[in-house]
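Below: upload-v1.txt (compact mmCIF, C-alpha atoms)
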```txt
# COMPACT_ATOMS: atom_id res chain seq x y z
CA MET A 7 -11.31 6.89 -9.95
CA ARG A 8 -12.74 7.55 -6.58
CA ARG A 9 -15.33 10.32 -6.37
CA ARG A 10 -13.37 12.35 -3.90
CA VAL A 11 -10.18 12.18 -5.90
CA ALA A 12 -12.09 12.97 -9.05
CA ARG A 13 -13.35 16.11 -7.39
CA VAL A 14 -9.87 17.07 -6.39
CA LEU A 15 -8.50 16.43 -9.82
CA HIS A 16 -11.12 17.61 -12.19
CA SER A 17 -13.78 19.87 -10.81
CA ALA A 18 -13.19 23.47 -9.94
CA THR A 19 -16.78 23.77 -8.82
CA PHE A 20 -16.38 21.00 -6.33
CA ALA A 21 -12.99 22.34 -5.31
CA VAL A 22 -14.76 25.39 -3.92
CA ALA A 23 -17.13 23.16 -2.01
CA THR A 24 -14.46 20.89 -0.66
CA ALA A 25 -12.46 23.88 0.52
CA ILE A 26 -15.33 24.59 2.81
CA LEU A 27 -16.39 21.12 3.73
CA LEU A 28 -13.12 19.24 3.82
CA PRO A 29 -9.53 19.94 4.77
CA ALA A 30 -7.31 21.17 1.97
CA VAL A 31 -5.29 18.56 0.16
CA ILE A 32 -1.71 19.39 0.97
CA GLU A 33 -0.20 16.80 -1.28
CA ALA A 34 -1.61 14.16 -3.57
CA VAL A 35 0.27 11.80 -5.82
CA TYR A 36 -1.26 9.12 -7.95
CA VAL A 37 -0.13 6.50 -10.43
CA SER A 38 -2.11 4.50 -12.92
CA PRO A 39 -2.15 1.62 -13.58
CA THR A 40 -0.98 0.02 -10.35
CA ALA A 41 0.44 -3.00 -12.17
CA VAL A 42 2.21 -2.62 -15.50
CA PHE A 43 2.60 -5.55 -17.87
CA MET A 44 4.90 -5.54 -20.87
CA ASP A 45 5.93 -8.24 -23.32
CA GLU A 46 8.09 -8.81 -26.35
CA ARG A 47 5.32 -7.61 -28.68
CA SER A 48 5.03 -4.25 -26.96
CA GLY A 49 8.41 -3.01 -25.93
CA SER A 50 6.98 0.17 -24.55
CA THR A 51 4.00 1.32 -22.58
CA GLN A 52 2.97 4.31 -20.60
CA ILE A 53 1.77 5.16 -17.17
CA THR A 54 0.18 8.28 -15.81
CA ILE A 55 1.33 10.05 -12.69
CA GLY A 56 -0.43 13.06 -11.34
CA ASN A 57 -0.70 15.68 -8.68
CA GLY A 58 -4.15 16.17 -7.22
CA GLY A 59 -2.96 18.57 -4.58
CA ASP A 60 -3.05 22.32 -4.34
CA SER A 61 0.66 23.03 -4.76
CA PRO A 62 3.30 22.01 -7.30
CA GLU A 63 5.06 18.69 -6.83
CA GLU A 64 8.48 17.48 -7.84
CA ALA A 65 7.97 13.84 -8.73
CA THR A 66 10.58 11.24 -9.54
CA VAL A 67 10.14 7.84 -11.16
CA GLU A 68 12.66 5.18 -10.24
CA LEU A 69 12.89 1.54 -11.26
CA LYS A 70 14.46 -0.83 -8.79
CA PHE A 71 14.45 -4.60 -8.59
CA GLY A 72 12.16 -6.04 -5.95
CA PHE A 73 9.27 -8.40 -5.42
CA PRO A 74 6.74 -9.33 -2.73
CA ASP A 75 8.13 -11.66 -0.09
CA ALA A 76 7.44 -12.49 3.55
CA ASP A 77 9.78 -11.96 6.48
CA SER A 78 10.46 -14.47 9.25
CA ALA A 79 7.22 -13.44 10.97
CA GLY A 80 5.24 -14.12 7.81
CA THR A 81 4.63 -10.43 7.22
CA PRO A 82 4.52 -9.45 3.55
CA TYR A 83 6.89 -6.81 2.30
CA ILE A 84 8.64 -5.76 -0.87
CA ARG A 85 12.09 -7.25 -0.92
CA PHE A 86 14.46 -4.96 -2.77
CA VAL A 87 17.71 -6.40 -4.07
CA ASP A 88 20.36 -3.87 -4.99
CA ASP A 89 22.43 -6.19 -7.13
CA PRO A 90 20.20 -9.03 -8.30
CA GLY A 91 22.80 -10.42 -10.71
CA SER A 92 21.68 -13.59 -12.46
CA ALA A 93 20.06 -15.05 -9.35
CA PHE A 94 16.85 -13.12 -9.88
CA PRO A 95 14.79 -12.33 -13.00
CA SER A 96 15.40 -8.62 -12.88
CA ALA A 97 14.21 -6.19 -15.53
CA ALA A 98 15.42 -3.18 -13.60
CA ASP A 99 18.53 -2.77 -15.73
CA TRP A 100 16.81 -2.71 -19.09
CA ILE A 101 13.49 -1.02 -18.56
CA ARG A 102 13.75 2.74 -18.46
CA ALA A 103 11.29 5.46 -17.57
CA PHE A 104 11.08 8.71 -19.54
CA PRO A 105 11.06 11.24 -18.01
CA GLN A 106 12.38 10.24 -14.62
CA ARG A 107 11.82 13.60 -13.00
CA VAL A 108 8.86 15.87 -13.62
CA ARG A 109 7.31 18.95 -12.16
CA LEU A 110 3.62 18.47 -11.63
CA GLU A 111 1.52 21.57 -11.39
CA PRO A 112 -1.53 21.42 -9.11
CA LYS A 113 -4.23 19.15 -10.50
CA SER A 114 -2.15 18.10 -13.48
CA GLN A 115 -0.87 14.80 -14.74
CA GLN A 116 2.04 13.56 -16.79
CA VAL A 117 2.49 10.56 -19.04
CA VAL A 118 5.65 8.60 -18.31
CA ARG A 119 6.83 6.17 -20.95
CA LEU A 120 8.40 2.85 -20.04
CA LEU A 121 10.76 1.47 -22.66
CA ALA A 122 12.10 -2.10 -22.51
CA ARG A 123 15.43 -2.96 -24.10
CA PRO A 124 15.93 -6.58 -23.07
CA PRO A 125 19.14 -8.43 -23.89
CA GLU A 126 18.96 -10.24 -27.24
CA ASN A 127 19.52 -13.64 -25.69
CA LEU A 128 17.01 -13.18 -22.89
CA PRO A 129 15.49 -16.60 -22.06
CA ALA A 130 11.74 -17.05 -22.08
CA GLY A 131 10.18 -16.22 -18.76
CA GLU A 132 8.98 -13.40 -16.61
CA TYR A 133 11.08 -10.48 -15.44
CA TRP A 134 10.25 -8.03 -12.69
CA THR A 135 11.02 -4.63 -11.34
CA ARG A 136 9.36 -2.15 -9.01
CA MET A 137 8.44 1.38 -9.90
CA ILE A 138 8.84 3.97 -7.16
CA ILE A 139 7.06 7.29 -7.59
CA THR A 140 8.08 9.91 -5.07
CA GLY A 141 6.23 13.17 -4.62
CA ARG A 142 7.88 16.06 -2.86
CA GLY A 143 6.27 19.39 -2.63
CA ALA A 144 4.48 19.96 0.59
CA THR A 145 5.77 23.12 2.17
CA LEU A 146 6.11 23.99 5.78
CA HIS A 147 2.88 25.18 7.35
CA VAL A 148 4.52 26.76 10.35
CA THR A 149 4.51 30.54 10.50
CA GLY A 150 4.75 33.44 12.90
CA ALA A 151 7.61 32.04 14.92
CA ASP A 152 9.49 35.12 15.95
CA SER A 153 9.48 34.47 19.66
CA GLY A 154 7.61 31.23 20.34
CA VAL A 155 8.46 27.65 19.51
CA ARG A 156 6.25 26.38 16.72
CA ALA A 157 6.51 22.91 15.33
CA GLY A 158 5.09 21.14 12.31
CA VAL A 159 5.87 18.10 10.22
CA ASN A 160 5.82 18.00 6.43
CA LEU A 161 4.66 14.97 4.56
CA GLU A 162 6.32 13.20 1.65
CA ILE A 163 4.68 10.42 -0.32
CA ARG A 164 6.08 7.40 -2.15
CA LEU A 165 4.09 4.87 -4.15
CA VAL A 166 5.60 1.51 -5.06
CA THR A 167 4.00 -0.55 -7.82
CA SER A 168 5.00 -3.41 -10.10
CA VAL A 169 6.31 -3.70 -13.64
CA THR A 170 6.33 -7.14 -15.26
CA TYR A 171 7.88 -8.16 -18.58
CA ARG A 172 6.95 -11.48 -20.14
CA LYS A 173 8.77 -13.25 -22.92
CA GLY A 174 7.66 -16.42 -24.64
CA LYS A 175 5.77 -19.15 -22.82
CA VAL A 176 5.02 -18.38 -19.20
CA SER A 177 3.09 -20.39 -16.65
CA THR A 178 2.38 -20.26 -12.98
CA GLY A 179 0.68 -22.02 -10.12
CA VAL A 180 0.81 -22.26 -6.37
CA LEU A 181 1.03 -25.09 -3.87
CA VAL A 182 -0.05 -24.81 -0.24
CA ARG A 183 1.41 -26.85 2.59
CA ASP A 184 1.78 -26.72 6.35
CA LEU A 185 -1.46 -24.80 6.86
CA THR A 186 -1.95 -23.86 10.50
CA ALA A 187 -4.33 -21.54 12.31
CA GLU A 188 -4.47 -19.99 15.75
CA ALA A 189 -7.18 -17.97 17.43
CA GLU A 190 -6.17 -15.35 19.94
CA GLY A 191 -8.35 -12.63 21.39
CA ASP A 192 -10.56 -11.22 18.67
CA SER A 193 -8.31 -12.33 15.81
CA ILE A 194 -7.39 -15.43 13.94
CA THR A 195 -4.02 -15.99 12.34
CA VAL A 196 -3.48 -18.41 9.49
CA TRP A 197 -0.07 -19.59 8.39
CA ALA A 198 0.59 -21.20 5.03
CA HIS A 199 3.70 -22.16 3.15
CA LEU A 200 3.25 -21.07 -0.45
CA ASP A 201 5.34 -22.56 -3.25
CA ARG A 202 5.15 -20.98 -6.66
CA GLN A 203 5.10 -23.20 -9.72
CA GLY A 204 6.16 -22.45 -13.29
CA ASN A 205 8.29 -19.54 -14.42
CA ALA A 206 6.01 -16.60 -13.63
CA ALA A 207 4.63 -14.93 -10.53
CA TYR A 208 1.30 -16.16 -9.24
CA LEU A 209 -1.32 -13.43 -9.10
CA GLY A 210 -4.58 -14.43 -7.49
CA THR A 211 -6.97 -14.14 -4.62
CA ALA A 212 -6.91 -15.95 -1.28
CA ASP A 213 -10.33 -16.68 0.17
CA PHE A 214 -10.81 -17.81 3.75
CA GLU A 215 -13.85 -19.20 5.49
CA LEU A 216 -14.28 -19.96 9.17
CA ALA A 217 -16.82 -22.72 9.67
CA SER A 218 -18.34 -23.99 12.88
CA ALA A 219 -18.31 -27.61 13.92
CA ARG A 220 -21.74 -27.96 12.30
CA GLY A 221 -20.38 -26.63 9.02
CA ALA A 222 -21.96 -23.19 9.12
CA VAL A 223 -19.75 -20.48 7.70
CA VAL A 224 -19.45 -17.76 10.34
CA ARG A 225 -16.78 -15.51 8.82
CA ARG A 226 -15.38 -14.86 5.36
CA TRP A 227 -12.36 -12.90 4.19
CA SER A 228 -10.62 -12.38 0.85
CA THR A 229 -7.37 -10.71 -0.03
CA ALA A 230 -5.31 -10.18 -3.14
CA LEU A 231 -2.31 -12.49 -3.19
CA SER A 232 0.93 -12.59 -5.12
CA VAL A 233 3.51 -15.33 -4.86
CA TYR A 234 6.83 -14.62 -6.54
CA THR A 235 9.08 -16.95 -4.56
CA PRO A 236 8.47 -19.62 -1.89
CA MET A 237 7.37 -18.07 1.38
CA ARG A 238 5.79 -18.79 4.72
CA ARG A 239 2.96 -16.29 4.79
CA ARG A 240 0.83 -15.15 7.70
CA PHE A 241 -2.74 -13.90 7.28
CA SER A 242 -4.47 -12.18 10.21
CA PHE A 243 -8.16 -11.40 10.42
CA LYS A 244 -10.41 -9.84 12.98
CA THR A 245 -13.09 -12.25 14.13
CA ASP A 246 -14.73 -9.97 16.68
CA SER A 247 -16.81 -12.01 19.11
CA LEU A 248 -17.08 -15.73 18.43
CA GLU A 249 -18.55 -18.49 20.51
CA ALA A 250 -15.93 -20.72 22.03
CA GLY A 251 -15.62 -24.05 20.28
CA ASP A 252 -14.05 -25.97 17.47
CA TYR A 253 -13.92 -24.43 14.04
CA LYS A 254 -12.39 -25.13 10.69
CA VAL A 255 -10.46 -22.64 8.56
CA ARG A 256 -10.88 -23.25 4.85
CA MET A 257 -8.47 -21.65 2.43
CA ARG A 258 -8.90 -21.34 -1.30
CA ILE A 259 -6.43 -19.72 -3.69
CA ARG A 260 -7.72 -18.94 -7.15
CA ALA A 261 -6.14 -17.27 -10.17
CA ASP A 262 -8.66 -14.50 -10.36
CA ARG A 263 -8.10 -10.83 -9.75
CA PRO A 264 -10.88 -8.30 -10.19
CA ASP A 265 -8.39 -5.44 -10.23
CA LEU A 266 -6.26 -6.76 -13.10
CA PRO A 267 -7.05 -7.30 -16.78
CA THR A 268 -8.07 -10.93 -17.31
CA ASN A 269 -5.56 -11.43 -20.09
CA ARG A 270 -2.76 -10.55 -17.66
CA VAL A 271 -3.76 -13.01 -14.95
CA LEU A 272 -2.13 -16.31 -15.83
CA PRO A 273 -4.38 -19.37 -15.50
CA ALA A 274 -3.64 -21.81 -12.72
CA PRO A 275 -5.48 -24.56 -10.87
CA THR A 276 -7.48 -23.49 -7.85
CA VAL A 277 -5.95 -24.77 -4.63
CA THR A 278 -7.84 -25.54 -1.42
CA ASP A 279 -6.85 -26.66 2.05
CA SER A 280 -8.30 -26.59 5.54
CA VAL A 281 -7.21 -26.81 9.15
CA ALA A 282 -8.95 -27.09 12.52
CA VAL A 283 -8.76 -24.29 15.05
CA ARG A 284 -10.11 -23.93 18.57
CA VAL A 285 -11.58 -20.67 19.79
CA GLY A 286 -11.71 -19.86 23.48
CA MET B 28 -14.77 -27.63 0.85
CA ALA B 29 -17.70 -25.24 0.94
CA PHE B 30 -16.37 -22.81 -1.61
CA GLY B 31 -18.35 -22.76 -4.80
CA PRO B 32 -16.82 -24.42 -7.84
CA VAL B 33 -14.34 -22.30 -9.73
CA SER B 34 -12.80 -23.32 -13.00
CA PRO B 35 -9.03 -23.37 -12.89
CA LEU B 36 -9.15 -21.42 -16.09
CA ARG B 37 -11.73 -18.95 -14.93
CA ALA B 38 -9.36 -16.08 -15.28
CA GLN B 39 -8.95 -16.71 -18.97
CA ALA B 40 -12.06 -18.61 -19.97
CA GLY B 41 -14.85 -16.05 -20.01
CA PRO B 42 -15.28 -13.01 -22.17
CA LYS B 43 -12.59 -10.43 -21.67
CA ARG B 44 -13.44 -8.50 -18.57
CA VAL B 45 -13.30 -4.74 -18.75
CA VAL B 46 -11.37 -3.69 -15.69
CA PRO B 47 -11.70 -0.06 -14.73
CA VAL B 48 -8.26 1.43 -14.28
CA VAL B 49 -8.21 2.45 -10.66
CA PRO B 50 -5.10 4.43 -9.76
CA LEU B 51 -3.21 4.17 -6.54
CA VAL B 52 -3.58 7.53 -4.86
CA ALA B 53 -1.99 8.90 -1.72
CA LEU B 54 -3.18 12.20 -0.34
CA ALA B 55 -1.74 14.17 2.54
CA ILE B 56 -4.76 15.97 3.89
CA ASN B 57 -3.41 17.41 7.08
CA ASP B 58 0.06 18.18 8.38
CA LEU B 59 0.95 16.98 11.83
CA SER B 60 1.05 20.32 13.62
CA PHE B 61 2.08 20.87 17.20
CA GLY B 62 1.38 24.58 17.03
CA THR B 63 3.05 26.77 19.62
CA VAL B 64 4.76 24.83 22.37
CA LEU B 65 6.30 26.02 25.61
CA PRO B 66 9.96 25.43 26.47
CA GLY B 67 10.37 22.56 28.90
CA ILE B 68 6.84 21.23 28.46
CA PRO B 69 6.23 18.24 26.19
CA SER B 70 3.34 18.67 23.80
CA SER B 71 1.40 15.83 22.25
CA VAL B 72 -1.02 15.59 19.38
CA SER B 73 -3.32 12.60 19.64
CA VAL B 74 -4.67 10.66 16.68
CA GLY B 75 -8.09 11.83 17.77
CA ASP B 76 -7.22 15.49 17.18
CA ALA B 77 -9.02 16.26 13.94
CA HIS B 78 -7.25 19.55 13.38
CA ARG B 79 -3.65 18.89 14.38
CA ALA B 80 -3.06 15.19 13.71
CA GLY B 81 -1.35 14.24 10.46
CA ARG B 82 -3.87 12.71 8.12
CA PHE B 83 -3.36 10.71 4.94
CA GLU B 84 -5.83 9.14 2.57
CA ILE B 85 -5.02 6.15 0.39
CA ASP B 86 -7.24 5.16 -2.50
CA GLY B 87 -6.84 2.14 -4.71
CA PRO B 88 -8.56 -0.90 -6.12
CA ALA B 89 -11.09 -2.46 -3.75
CA GLY B 90 -9.50 -5.27 -1.79
CA ALA B 91 -5.97 -4.23 -2.75
CA SER B 92 -3.34 -5.56 -0.39
CA ILE B 93 -1.07 -2.73 0.67
CA ARG B 94 1.74 -2.10 3.10
CA VAL B 95 2.25 1.37 4.53
CA GLU B 96 5.58 2.40 6.04
CA PHE B 97 6.68 5.64 7.61
CA ILE B 98 10.11 7.16 7.85
CA LEU B 99 9.89 9.21 11.02
CA PRO B 100 12.21 11.98 12.14
CA ALA B 101 13.90 11.92 15.54
CA ALA B 102 13.81 15.69 15.79
CA LEU B 103 12.48 18.81 14.16
CA VAL B 104 14.95 21.47 13.22
CA ALA B 105 14.96 25.25 12.97
CA GLY B 106 18.25 26.52 11.70
CA GLY B 107 20.78 24.89 14.01
CA ALA B 108 18.31 24.19 16.81
CA VAL B 109 16.68 20.81 17.25
CA LEU B 110 13.41 19.83 18.87
CA PRO B 111 13.10 16.12 19.73
CA VAL B 112 9.96 14.39 18.54
CA SER B 113 8.73 10.92 19.42
CA PHE B 114 6.06 8.61 18.10
CA GLY B 115 4.54 6.06 20.44
CA ALA B 116 2.83 2.75 19.91
CA GLY B 117 -0.57 4.42 19.89
CA ASP B 118 0.32 7.27 17.56
CA GLY B 119 -0.96 5.59 14.41
CA ARG B 120 -4.52 4.78 13.49
CA ALA B 121 -5.91 3.23 10.31
CA VAL B 122 -9.51 4.10 9.61
CA PHE B 123 -11.61 2.42 6.95
CA SER B 124 -14.08 4.84 5.47
CA SER B 125 -16.76 2.22 4.95
CA GLY B 126 -17.04 1.81 8.70
CA SER B 127 -17.57 -1.93 8.45
CA THR B 128 -14.10 -2.58 9.78
CA PRO B 129 -13.11 -1.03 13.10
CA ALA B 130 -10.18 1.37 13.24
CA ILE B 131 -6.81 -0.27 13.71
CA PRO B 132 -4.32 1.33 16.09
CA PHE B 133 -0.71 0.81 15.07
CA ASP B 134 2.79 1.82 15.98
CA PRO B 135 3.98 4.10 13.17
CA HIS B 136 7.47 2.66 13.58
CA SER B 137 6.05 -0.66 12.32
CA PRO B 138 4.48 -1.37 8.96
CA LEU B 139 0.74 -1.29 8.52
CA ILE B 140 -0.54 -4.10 6.34
CA VAL B 141 -4.17 -3.98 5.28
CA ALA B 142 -6.52 -4.84 2.47
CA LEU B 143 -8.44 -1.85 1.22
CA GLY B 144 -12.16 -2.17 1.82
CA SER B 145 -14.93 -2.43 -0.70
CA ASP B 146 -14.67 1.27 -1.43
CA GLY B 147 -10.89 1.07 -1.82
CA ARG B 148 -10.23 3.82 0.67
CA LEU B 149 -8.21 4.04 3.85
CA PHE B 150 -7.35 6.92 6.12
CA VAL B 151 -4.14 6.90 8.12
CA VAL B 152 -3.84 9.26 11.07
CA LEU B 153 -0.61 10.15 12.89
CA GLY B 154 -0.02 11.74 16.24
CA GLY B 155 3.20 12.41 18.11
CA THR B 156 4.95 14.26 20.91
CA VAL B 157 7.55 17.01 20.84
CA ILE B 158 9.80 17.46 23.84
CA PRO B 159 11.18 21.01 23.96
CA ALA B 160 14.08 21.71 26.26
CA ARG B 161 13.78 24.43 28.89
CA THR B 162 16.26 26.42 26.86
CA GLU B 163 14.61 25.68 23.53
CA ALA B 164 15.20 28.54 21.14
CA GLY B 165 12.21 30.18 19.54
CA GLY B 166 11.58 29.44 15.89
CA ALA B 167 9.64 27.46 13.34
CA TYR B 168 10.70 23.85 13.67
CA SER B 169 10.01 21.35 10.96
CA ALA B 170 10.87 17.91 9.67
CA THR B 171 9.62 15.55 7.02
CA ILE B 172 7.67 12.36 7.41
CA THR B 173 7.79 10.04 4.43
CA MET B 174 4.91 7.68 3.86
CA THR B 175 5.48 4.82 1.44
CA VAL B 176 2.59 2.81 0.07
CA PHE B 177 3.55 -0.58 -1.36
CA ASN B 178 1.18 -2.46 -3.60
CA LEU B 179 1.64 -6.05 -2.41
CA GLY B 180 -0.87 -7.62 -4.77
CA SER B 181 1.27 -7.78 -7.88
```

Encoding of this model in structure tokens:
Amino acid sequence: MRRRVARVLHSATFAVATAILLPAVIEAVYVSPTAVFMDERSGSTQITIGNGGDSPEEATVELKFGFPDADSAGTPYIRFVDDPGSAFPSAADWIRAFPQRVRLEPKSQQVVRLLARPPENLPAGEYWTRMIITGRGATLHVTGADSGVRAGVNLEIRLVTSVTYRKGKVSTGVLVRDLTAEAEGDSITVWAHLDRQGNAAYLGTADFELASARGAVVRRWSTALSVYTPMRRRFSFKTDSLEAGDYKVRMRIRADRPDLPTNRVLPAPTVTDSVAVRVG
Amino acid sequence: MAFGPVSPLRAQAGPKRVVPVVPLVALAINDLSFGTVLPGIPSSVSVGDAHRAGRFEIDGPAGASIRVEFILPAALVAGGAVLPVSFGAGDGRAVFSSGSTPAIPFDPHSPLIVALGSDGRLFVVLGGTVIPARTEAGGAYSATITMTVFNLGS
């Protein structure tokens, strides 16, 4: 856990210091882990939610079907589907959270249990839902308003993470096509159509390199990537100042995620592609 | 391709990696506070105002891909009275604590999509403008801003 958060959560000594050195924490909600994996061998698991702030929080835990997707502009978002029916591999109807509503005292945490009750005839595959943790508790910090007009805005926090249930044999992979790139101003935008293979979501990392005409790598970027359904995805990166000229964008997608347990990242072939781009 | 060789089975092939469990944390550090405003005179808080701008901190795994959305009020209320509030295209700013990436201005009506830096930390700052009417009634006006942090990486 980050040092600052650790101070907030665990150390009264440091709390005194931070009260002097840093603004007070009005509200703080956390959830761990950020990606939950369940399977037929372990029908239940637990997560931890907590309040690192200085006042009590009312927190709710809600499960709702959704998955990462990209809109028509290639921007990633979480697509929620209210009634997924049989068209989507939803686990939202049969994974439950206990408790769903908790009161979190300042600097306290609560274990929330997730219990899966899948249908008996559930086919092998991967099933998804999103977990939404909402913290409400910040109180109005506007006082002394007898005659004047005083105005303040309270803050409410929601965290949305993933819950995945796997049954039987699962596999994944990704294919890249129609890779394009465009440089504009101090940014470069890369477009790629991503097709998922197999019956499970692809969880990996997308690496990008920008190479000059002589082959020298002048910029590098990496970002976590998930592909649940086919999508046309846009990636934008700041290039800052670059000499005008011809470059090549190289893209590599690999099934490796430093933030996830290795035994939860499904193996898949590494995929590479490249495209020319002109700067200036 | 210039990328170094990576086994397709790299994720599963080596010894089991011990992954520290890094939580996703959202902290509201500072309320957006307009203080005392005068009837008939709009009052703005800029994202550069360290004391009055709304300030959030998001912590998570390094490199995590996240999307941040805001639900913004159209007005603040005090009893039955309303005080219009607006958020402009320059009223959002994303600041990476590592300093290696420059701050990103954004319109808080639109989503902010970023990858957390090597230290896994991002600050989000909000400004805004209230527009009191000449006949605005005195009182303590308030509203709620909801910030949603989506983990896009899984």

With a distance threshold of 6 Å and counting all atoms listed in the file, extract the residues of chain A near chain B and express them as a PyMOL selection string.
chain A and resi 7+31-39+148+151+153-167+230-232+262+267-268+273-276

Counting all atoms listed in the file, I want the residues whose atoms come within 9 Å of (3.0, 1.6, 14.1) in the file frame, returned as a VMD selection string.
chain B and resid 96 to 97 114 to 120 132 to 139

Residues near Glu63 (chain A), cut-off 6 Å, all atoms listed in the file, skip fewer than 4 positions along chain, as number ranges by chain:
A: 109-110, 142-143

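The environment of Asp246 (chain A) within 9 Å, counting all atoms listed in the file and disregarding residues fewer than 3 places along the same chain, consists of Gly191, Asp192 and Ser193 of chain A.
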
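Each of A:Ser61, A:Gln106, A:Ser177, A:Thr211 was compared to Arg258 (chain A) using all atoms listed in the file, and A:Thr211 turns out to be the nearest.
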
What separation in Å, quoted to one decimal, exists between CA of Leu216 (chain A) and CA of Val277 (chain A)?
16.8 Å
